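J.: Following this message is one structure expressed as structure tokens.
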Amino acid sequence: MSERLRPSGASLFFDQLLLPDGWARNVRLTLEGGRIGAIEADATATVGDERHAIGLPGMPNLHSHAFQRAMAGLAERRGPGTDSFWSWRDIMYRFVARMSPDDVRAIAALAYMEMLESGFTRVGEFHYLHHDRDGAPFTDPAAMSGAIVAAAADSGIGLTLLPVLYSHAGFGAQPPHAGQARFILSIDGYARLIEGAQRHAATLPDAVVGIAPHSLRAVSADQLRMLAPLAVDRPVHIHVAEQVKEVEDCLAWSGQRPVAWLLDHVDVDARWCLVHATHVDAGEMAAIARSGATVGLCPVTEANLGDGIFPAGAYLDAGGRFGIGSDSNILIDCAEELRLLEYGQRLLHRRRNMLARQAGEATGAALHARALAGGAAALGVKDGICVGQSGDIVSLDADHPALLARSGDAITDSFIFASGRSAIDCVWRHGIRLVQGGRHRQREDVVRTYRAVLERLIG
């Protein structure tokens with residue numbers, strides 16, 4: 001972290017602040033060395049306090065491919081056949097073939113800045129772009145991971161780095177094709193990558209390094225078993241059951257659906273995040289819930305790719321846990337992910353307040369609380385505004401028309417369904433105020449660097 005972004009002590013006073021046991025009034029937070037040193041409710045503001053009206057805990061973004069931010073909006077032209085995730089993937093492969101580590105750093109810095117401006121304060125970077133343009137390893141096999149770490153330092157966001165093992169082109173260990181050359185690793189190469197990623201991540205104040213087998217189509221059954229020693233005490237993330245074709249291919253290969261196969265063959269527990277899991281049946285939902293794993297939902301990307309709609313209500317009824325992510329980063333907006341999650345269920349079932357599970361429960365507040373807890377668990381950190389926790393806080397503008405005369409859970413509901421990121425005023429990450437008036441303090445520099453990269457990549 002650069003000197004200008006070094007945390008210092010401060011006292012923040014909130015008229016209303018969302019704490020783990022609910023909304024509290026007149027709360028003073030003391031920040032010490034980037035963490036919350038003290039919380040005093042029903043306090044009286046003093047001259048030294050920095051005053052704000054409304055405060056929320058920062059939201060974890062549990063699934064991002066930061067480099068894809070650069071192609072947002074460039075795959076919205078209809079092709080000669082039926083467009084799907086698979087046609088989109090071909091465009092992504094061609095685009096990513098040109099990127100250098102410096103390009104990835106600039107693109108990721110922009111994505112992370114936008115995450116902070118929308119209320120995300122930690123990102124799970126599911127990173128599978130490892131090698132040079134010709135597919136050869138860099139001298140430092142973790143050079144691309146180092147670029148991600150540098151982007152996190154540039155923006156100030158919290159980072160859970162998830163270097164990806166990607167070895168095959170399809171179920172049954174099919175050989176990779178040319179478009180995947182920059183991703184491909186053996187188990188030994190992956191172990192070296194994790195070691196290097198850990199070295200880079202140690203330069204950040206509270207980074208976490210996890211394990212990420214890309215998917216059942218990209219990692220063999222033997223490789224999944226061989227990952228166990230690397231996965232001890234780390235978050236483990238995997239794409240699973242995102243598309244119907246993936247389910248059909250898995251059935252043809254194994255006779256089982258993807259989630260069922262995974263849970264039958266691997267010791268999935270609370271450290272795991274099953275990303276998307278869009279196409280699951282009732283038995284799979286119940287099994288995920290029993291395992292304690294988190295489902296990583298990315299509603300904006302899932303809608304953009306035409307993946308389908310996750311059966312969220314039934315999953316919650318089974319006791320399941322979820323978090324949210326921005327995935328392809330076509331649009332980065334914390335509130336929009338939660339809003340679209342609920343609206344997708346409403347459109348599918350033609351009912352309202354689908355993800356509030358009991359009478360009188362506030363839908364937005366319930367979505368926010370569940371995504372906060374699930375996202376933190378998936379990223380290997382604790383959630384909420386508590387003593388000892390990183391000072392990751394979002395303040396809202398009480399003068400925003402959508403928030404006028406709101407208190408308690410009506411604030412969260414109105415933020416998610418009526419205002420979104422336009423109501424965000426300040427964001428603190430590890431005790432540093434990085435966003436003020438809705439704008440990141442480094443916005444001009446980050447955008448200037450990003451523009452130069454995009455003009456070269458697209459020109």
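Letters for chains follow the order of the structure tokens (A, B, ...), residue numbers begin at 1 for each chain, and ligand numbers begin at 1 in the order shown.
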Would you please extract all alpha helix (DSSP H) residues from range 304-434 of chain A, as assigned by DSSP on the backbone, and give them as number ranges by chain?
T.: A: 304-305, 312-317, 334-349, 363-378, 409-414
J.: Mind dumping the selected residues with C-alpha atoms as a PDB file, in the first residue's frame?
T.:
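Listing of part_24.pdb after writing:
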```pdb
ATOM      1  CA  ASN A 304     -25.890 -10.980 -19.627  1.00  0.00           C
ATOM      2  CA  LEU A 305     -24.672 -14.447 -20.658  1.00  0.00           C
ATOM      3  CA  ALA A 312     -32.762 -18.986  -4.789  1.00  0.00           C
ATOM      4  CA  GLY A 313     -35.974 -19.295  -2.779  1.00  0.00           C
ATOM      5  CA  ALA A 314     -35.881 -23.073  -2.643  1.00  0.00           C
ATOM      6  CA  TYR A 315     -32.168 -22.958  -1.828  1.00  0.00           C
ATOM      7  CA  LEU A 316     -32.775 -20.640   1.130  1.00  0.00           C
ATOM      8  CA  ASP A 317     -35.574 -22.889   2.324  1.00  0.00           C
ATOM      9  CA  CYS A 334     -23.273  -3.989  -5.549  1.00  0.00           C
ATOM     10  CA  ALA A 335     -26.925  -2.953  -5.152  1.00  0.00           C
ATOM     11  CA  GLU A 336     -27.747  -4.016  -8.715  1.00  0.00           C
ATOM     12  CA  GLU A 337     -26.509  -7.556  -8.064  1.00  0.00           C
ATOM     13  CA  LEU A 338     -28.840  -7.847  -5.068  1.00  0.00           C
ATOM     14  CA  ARG A 339     -31.736  -6.148  -6.836  1.00  0.00           C
ATOM     15  CA  LEU A 340     -31.473  -8.371  -9.894  1.00  0.00           C
ATOM     16  CA  LEU A 341     -31.210 -11.465  -7.709  1.00  0.00           C
ATOM     17  CA  GLU A 342     -34.608 -10.655  -6.201  1.00  0.00           C
ATOM     18  CA  TYR A 343     -36.161  -9.399  -9.447  1.00  0.00           C
ATOM     19  CA  GLY A 344     -35.163 -12.544 -11.312  1.00  0.00           C
ATOM     20  CA  GLN A 345     -37.130 -14.584  -8.786  1.00  0.00           C
ATOM     21  CA  ARG A 346     -40.117 -12.221  -9.088  1.00  0.00           C
ATOM     22  CA  LEU A 347     -40.161 -12.504 -12.861  1.00  0.00           C
ATOM     23  CA  LEU A 348     -39.816 -16.271 -12.758  1.00  0.00           C
ATOM     24  CA  HIS A 349     -42.515 -16.875 -10.126  1.00  0.00           C
ATOM     25  CA  THR A 363     -36.387  -8.063   1.593  1.00  0.00           C
ATOM     26  CA  GLY A 364     -33.475  -5.733   0.892  1.00  0.00           C
ATOM     27  CA  ALA A 365     -32.172  -5.987   4.436  1.00  0.00           C
ATOM     28  CA  ALA A 366     -32.370  -9.791   4.314  1.00  0.00           C
ATOM     29  CA  LEU A 367     -30.562  -9.943   0.961  1.00  0.00           C
ATOM     30  CA  HIS A 368     -27.840  -7.613   2.220  1.00  0.00           C
ATOM     31  CA  ALA A 369     -27.296  -9.552   5.460  1.00  0.00           C
ATOM     32  CA  ARG A 370     -27.133 -12.940   3.745  1.00  0.00           C
ATOM     33  CA  ALA A 371     -24.801 -11.751   0.992  1.00  0.00           C
ATOM     34  CA  LEU A 372     -22.550 -10.094   3.565  1.00  0.00           C
ATOM     35  CA  ALA A 373     -22.217 -13.244   5.674  1.00  0.00           C
ATOM     36  CA  GLY A 374     -21.892 -15.631   2.736  1.00  0.00           C
ATOM     37  CA  GLY A 375     -19.422 -13.450   0.866  1.00  0.00           C
ATOM     38  CA  ALA A 376     -17.158 -13.026   3.871  1.00  0.00           C
ATOM     39  CA  ALA A 377     -17.160 -16.767   4.553  1.00  0.00           C
ATOM     40  CA  ALA A 378     -16.291 -17.495   0.929  1.00  0.00           C
ATOM     41  CA  ASP A 409     -34.236  -1.686   7.505  1.00  0.00           C
ATOM     42  CA  ALA A 410     -36.118   0.786   5.300  1.00  0.00           C
ATOM     43  CA  ILE A 411     -32.694   2.300   4.558  1.00  0.00           C
ATOM     44  CA  THR A 412     -31.310  -0.987   3.242  1.00  0.00           C
ATOM     45  CA  ASP A 413     -34.473  -1.697   1.260  1.00  0.00           C
ATOM     46  CA  SER A 414     -34.397   1.768  -0.303  1.00  0.00           C
TER      47      SER A 414
END
```
J.: Find the residues around Gly158 in chain A up to 8 Å (only C-alpha atoms counted), leave out those fewer than 2 positions away in its own chain, and share them as JSON, numbers by chain.
T.: {"A": [121, 122, 123, 152, 156, 160, 206, 207, 429, 430]}
J.: What residues in range 227-345 of chain A get the DSSP label strand (DSSP E)? Please answer as a ChimeraX atom specification.
T.: /A:236-240,272-276,294-297,321-324
J.: May I have the residues from that selection written out with C-alpha atoms, as an mmCIF file, in the first residue's frame?
T.:
```cif
data_model
loop_
_atom_site.group_PDB
_atom_site.id
_atom_site.type_symbol
_atom_site.label_atom_id
_atom_site.label_comp_id
_atom_site.auth_asym_id
_atom_site.auth_seq_id
_atom_site.Cartn_x
_atom_site.Cartn_y
_atom_site.Cartn_z
ATOM 1 C CA VAL A 236 -11.650 -23.056 -2.361
ATOM 2 C CA HIS A 237 -13.681 -21.742 -5.310
ATOM 3 C CA ILE A 238 -14.935 -23.570 -8.411
ATOM 4 C CA HIS A 239 -17.295 -22.802 -11.301
ATOM 5 C CA VAL A 240 -20.045 -25.414 -11.435
ATOM 6 C CA TRP A 272 -15.853 -23.887 -0.515
ATOM 7 C CA CYS A 273 -17.639 -21.502 -2.858
ATOM 8 C CA LEU A 274 -19.614 -23.074 -5.710
ATOM 9 C CA VAL A 275 -19.798 -20.284 -8.267
ATOM 10 C CA HIS A 276 -23.117 -19.979 -10.137
ATOM 11 C CA THR A 294 -21.455 -20.904 -0.178
ATOM 12 C CA VAL A 295 -23.073 -20.508 -3.590
ATOM 13 C CA GLY A 296 -21.553 -17.561 -5.469
ATOM 14 C CA LEU A 297 -24.303 -15.776 -7.398
ATOM 15 C CA ARG A 321 -25.801 -19.781 2.102
ATOM 16 C CA PHE A 322 -24.956 -17.391 -0.752
ATOM 17 C CA GLY A 323 -22.848 -14.365 -1.617
ATOM 18 C CA ILE A 324 -22.695 -12.103 -4.662
#
```
J.: For CA of Val232 in chain A and CA of Phe67 in chain A, determine how far apart the two atoms are, in Å to one decimal place.
T.: 27.9 Å
J.: Pick from A:Tyr128, A:Phe417, A:Tyr93, A:Phe310: nearest to Ala277 in chain A, with only C-alpha atoms counted?
T.: A:Phe310
J.: Which residues, written as a PDB file with C-alpha atoms, in the first residue's frame, have at least one atom at most 12 Å from His265 in chain A, with only C-alpha atoms counted and residues fewer than 2 positions away on the same chain left out?
T.:
```pdb
ATOM      1  CA  LEU A 216     -15.022 -29.903 -13.604  1.00  0.00           C
ATOM      2  CA  SER A 220      -9.552 -33.733 -13.869  1.00  0.00           C
ATOM      3  CA  ALA A 221     -10.803 -35.891 -11.016  1.00  0.00           C
ATOM      4  CA  ASP A 222      -7.234 -36.859 -10.177  1.00  0.00           C
ATOM      5  CA  GLN A 223      -6.168 -33.220 -10.057  1.00  0.00           C
ATOM      6  CA  LEU A 224      -8.999 -32.341  -7.680  1.00  0.00           C
ATOM      7  CA  ARG A 225      -7.742 -34.999  -5.292  1.00  0.00           C
ATOM      8  CA  SER A 254     -19.975 -39.366 -15.522  1.00  0.00           C
ATOM      9  CA  GLN A 256     -24.097 -37.534 -12.694  1.00  0.00           C
ATOM     10  CA  PRO A 258     -21.984 -31.564 -11.867  1.00  0.00           C
ATOM     11  CA  VAL A 259     -22.860 -30.603  -8.302  1.00  0.00           C
ATOM     12  CA  ALA A 260     -23.831 -34.159  -7.415  1.00  0.00           C
ATOM     13  CA  TRP A 261     -20.561 -35.480  -8.834  1.00  0.00           C
ATOM     14  CA  LEU A 262     -18.508 -32.862  -6.983  1.00  0.00           C
ATOM     15  CA  LEU A 263     -20.147 -33.513  -3.626  1.00  0.00           C
ATOM     16  CA  ASP A 267     -14.779 -33.244   0.601  1.00  0.00           C
ATOM     17  CA  VAL A 268     -16.708 -29.992   0.097  1.00  0.00           C
TER      18      VAL A 268
END
```
J.: What's around range 106-119 of chain A at 9 Å? Count only C-alpha atoms, leave out sequence neighbours fewer than 6 positions away in its own chain, and write the answer as a VMD selection string.
T.: chain A and resid 57 to 61 65 to 70 147 to 148 150 to 157 326 329 332 to 335 393 to 395 420 to 422 424 to 429 434 to 436 438 to 440 442 to 443 446 to 447 449 to 451 453 to 454
J.: Please produce a file of those selected residues containing N, CA and C atoms, as a compact mmCIF listing (two decimals), in the first residue's frame.
T.:
```
# COMPACT_ATOMS: atom_id res chain seq x y z
N PRO A 57 -21.83 -1.91 6.65
CA PRO A 57 -20.57 -2.63 6.40
C PRO A 57 -20.31 -2.76 4.91
N GLY A 58 -19.05 -2.71 4.51
CA GLY A 58 -18.70 -2.94 3.11
C GLY A 58 -19.05 -4.36 2.71
N MET A 59 -19.43 -4.53 1.43
CA MET A 59 -19.88 -5.83 0.93
C MET A 59 -18.74 -6.58 0.26
N PRO A 60 -18.57 -7.88 0.53
CA PRO A 60 -17.60 -8.68 -0.23
C PRO A 60 -18.13 -8.99 -1.63
N ASN A 61 -17.24 -8.92 -2.60
CA ASN A 61 -17.52 -9.34 -3.98
C ASN A 61 -16.78 -10.66 -4.17
N HIS A 65 -13.59 -11.65 -12.53
CA HIS A 65 -12.53 -11.80 -13.53
C HIS A 65 -12.22 -10.36 -13.99
N ALA A 66 -11.29 -9.71 -13.30
CA ALA A 66 -11.09 -8.28 -13.49
C ALA A 66 -10.74 -7.92 -14.92
N PHE A 67 -9.91 -8.76 -15.59
CA PHE A 67 -9.45 -8.38 -16.93
C PHE A 67 -10.61 -8.30 -17.92
N GLN A 68 -11.73 -8.95 -17.64
CA GLN A 68 -12.86 -8.92 -18.55
C GLN A 68 -13.58 -7.56 -18.54
N ARG A 69 -13.26 -6.71 -17.57
CA ARG A 69 -13.84 -5.36 -17.56
C ARG A 69 -13.54 -4.62 -18.85
N ALA A 70 -12.42 -4.91 -19.46
CA ALA A 70 -12.00 -4.20 -20.67
C ALA A 70 -12.86 -4.51 -21.88
N ALA A 147 0.39 -8.64 -10.86
CA ALA A 147 -0.31 -7.50 -11.43
C ALA A 147 -1.65 -7.26 -10.73
N ILE A 148 -2.34 -8.35 -10.37
CA ILE A 148 -3.59 -8.23 -9.63
C ILE A 148 -3.35 -7.63 -8.25
N ALA A 150 -0.90 -5.68 -7.41
CA ALA A 150 -0.57 -4.26 -7.60
C ALA A 150 -1.82 -3.43 -7.83
N ALA A 151 -2.79 -3.97 -8.59
CA ALA A 151 -4.04 -3.26 -8.83
C ALA A 151 -4.84 -3.09 -7.55
N ALA A 152 -4.81 -4.11 -6.69
CA ALA A 152 -5.48 -3.98 -5.40
C ALA A 152 -4.83 -2.90 -4.56
N ALA A 153 -3.49 -2.82 -4.61
CA ALA A 153 -2.79 -1.76 -3.89
C ALA A 153 -3.10 -0.39 -4.48
N ASP A 154 -3.16 -0.31 -5.81
CA ASP A 154 -3.47 0.98 -6.46
C ASP A 154 -4.84 1.50 -6.04
N SER A 155 -5.81 0.59 -5.94
CA SER A 155 -7.19 1.00 -5.64
C SER A 155 -7.47 1.03 -4.15
N GLY A 156 -6.78 0.20 -3.38
CA GLY A 156 -7.02 0.09 -1.95
C GLY A 156 -8.01 -0.99 -1.55
N ILE A 157 -8.56 -1.75 -2.49
CA ILE A 157 -9.56 -2.76 -2.15
C ILE A 157 -8.92 -3.94 -1.42
N SER A 326 -19.35 -9.95 -9.09
CA SER A 326 -19.54 -9.18 -10.33
C SER A 326 -19.00 -9.91 -11.55
N ASN A 329 -17.78 -8.45 -14.87
CA ASN A 329 -17.63 -7.00 -14.65
C ASN A 329 -18.19 -6.16 -15.80
N ILE A 332 -20.55 -2.97 -12.85
CA ILE A 332 -20.12 -3.17 -11.47
C ILE A 332 -20.99 -2.33 -10.56
N ASP A 333 -21.84 -3.01 -9.78
CA ASP A 333 -22.80 -2.31 -8.93
C ASP A 333 -23.31 -3.29 -7.88
N CYS A 334 -22.90 -3.09 -6.64
CA CYS A 334 -23.27 -3.99 -5.55
C CYS A 334 -24.79 -4.08 -5.40
N ALA A 335 -25.47 -2.94 -5.33
CA ALA A 335 -26.93 -2.95 -5.15
C ALA A 335 -27.63 -3.61 -6.32
N ILE A 393 -16.22 0.21 5.57
CA ILE A 393 -17.49 0.86 5.89
C ILE A 393 -17.95 1.68 4.70
N VAL A 394 -19.27 1.72 4.50
CA VAL A 394 -19.89 2.51 3.44
C VAL A 394 -20.85 3.50 4.09
N SER A 395 -20.76 4.77 3.71
CA SER A 395 -21.76 5.74 4.18
C SER A 395 -22.68 6.11 3.03
N GLY A 420 -29.52 2.55 -5.27
CA GLY A 420 -28.29 1.95 -5.74
C GLY A 420 -27.10 2.85 -5.45
N ARG A 421 -26.09 2.71 -6.28
CA ARG A 421 -24.81 3.36 -6.00
C ARG A 421 -24.89 4.88 -6.00
N SER A 422 -25.94 5.47 -6.58
CA SER A 422 -26.06 6.93 -6.58
C SER A 422 -26.19 7.50 -5.18
N ILE A 424 -24.40 6.36 -2.57
CA ILE A 424 -23.16 6.15 -1.81
C ILE A 424 -22.38 7.45 -1.72
N ASP A 425 -21.99 7.79 -0.51
CA ASP A 425 -21.18 8.99 -0.29
C ASP A 425 -19.72 8.60 -0.10
N CYS A 426 -19.40 7.97 1.02
CA CYS A 426 -18.00 7.63 1.32
C CYS A 426 -17.84 6.12 1.48
N VAL A 427 -16.62 5.66 1.21
CA VAL A 427 -16.26 4.26 1.46
C VAL A 427 -14.89 4.25 2.11
N TRP A 428 -14.82 3.57 3.25
CA TRP A 428 -13.55 3.33 3.94
C TRP A 428 -13.16 1.88 3.73
N ARG A 429 -11.92 1.67 3.45
CA ARG A 429 -11.40 0.32 3.32
C ARG A 429 -10.11 0.24 4.14
N LEU A 434 -11.40 6.01 0.92
CA LEU A 434 -10.99 5.95 -0.47
C LEU A 434 -11.98 6.62 -1.41
N VAL A 435 -13.24 6.66 -1.00
CA VAL A 435 -14.30 7.24 -1.82
C VAL A 435 -14.96 8.36 -1.03
N GLN A 436 -15.16 9.50 -1.68
CA GLN A 436 -15.86 10.62 -1.06
C GLN A 436 -16.73 11.27 -2.13
N GLY A 438 -18.99 9.84 -3.61
CA GLY A 438 -19.22 8.81 -4.62
C GLY A 438 -18.08 8.59 -5.59
N ARG A 439 -16.96 9.30 -5.42
CA ARG A 439 -15.83 9.19 -6.35
C ARG A 439 -14.57 8.74 -5.62
N HIS A 440 -13.87 7.80 -6.23
CA HIS A 440 -12.61 7.32 -5.68
C HIS A 440 -11.56 8.43 -5.75
N GLN A 442 -8.52 8.32 -6.38
CA GLN A 442 -7.55 8.16 -7.45
C GLN A 442 -8.21 8.04 -8.83
N ARG A 443 -9.48 8.40 -8.93
CA ARG A 443 -10.24 8.14 -10.16
C ARG A 443 -9.55 8.69 -11.40
N VAL A 446 -6.45 6.62 -12.37
CA VAL A 446 -6.80 5.25 -12.78
C VAL A 446 -7.43 5.25 -14.17
N VAL A 447 -8.34 6.17 -14.41
CA VAL A 447 -9.01 6.23 -15.72
C VAL A 447 -8.03 6.62 -16.81
N THR A 449 -4.81 5.96 -17.03
CA THR A 449 -4.00 4.78 -17.37
C THR A 449 -4.82 3.74 -18.12
N TYR A 450 -6.04 3.53 -17.68
CA TYR A 450 -6.93 2.57 -18.32
C TYR A 450 -7.22 2.98 -19.77
N ARG A 451 -7.45 4.26 -19.98
CA ARG A 451 -7.75 4.74 -21.34
C ARG A 451 -6.60 4.43 -22.30
N VAL A 453 -4.42 2.05 -22.11
CA VAL A 453 -4.39 0.61 -22.39
C VAL A 453 -5.48 0.22 -23.37
N LEU A 454 -6.70 0.72 -23.16
CA LEU A 454 -7.81 0.35 -24.03
C LEU A 454 -7.62 0.85 -25.46
```
J.: Which residues are close to Gly22 in chain A, i.e. within 9 Å by only C-alpha atoms, leaving aside same-chain residues fewer than 4 positions away? Reply as a list in words.
T.: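 Surrounding residues, per the criterion: Leu17, Leu18, Gly408 and Asp409 of chain A.
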J.: Compile the contact shell of range 71-79 of chain A as a PyMOL selection string: residues with an atom at most 9 Å away, counting only C-alpha atoms, same-chain residues fewer than 2 positions apart removed.
T.: chain A and resi 67-69+81-83+87-88+91-92+95-96+328-331
J.: Would you mind reading off the distance between CA of Glu50 in chain A and CA of His400 in chain A, one decimal, in Å?
T.: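 One can read the CA of Glu50 in chain A to CA of His400 in chain A distance as 19.6 Å.
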J.: Near Asp188 in chain A, counting only C-alpha atoms, which residues have an atom at most 12 Å away, once you skip same-chain residues fewer than 3 positions from it, shown as a list in words?
T.: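 Counting only the stated atoms, we get Pro141, Leu165, Ser167, Ile184, Leu185, Ala191, Arg192, Leu193, Ile194, Glu195, Gln223, Met226, Leu227 and Leu230 of chain A.
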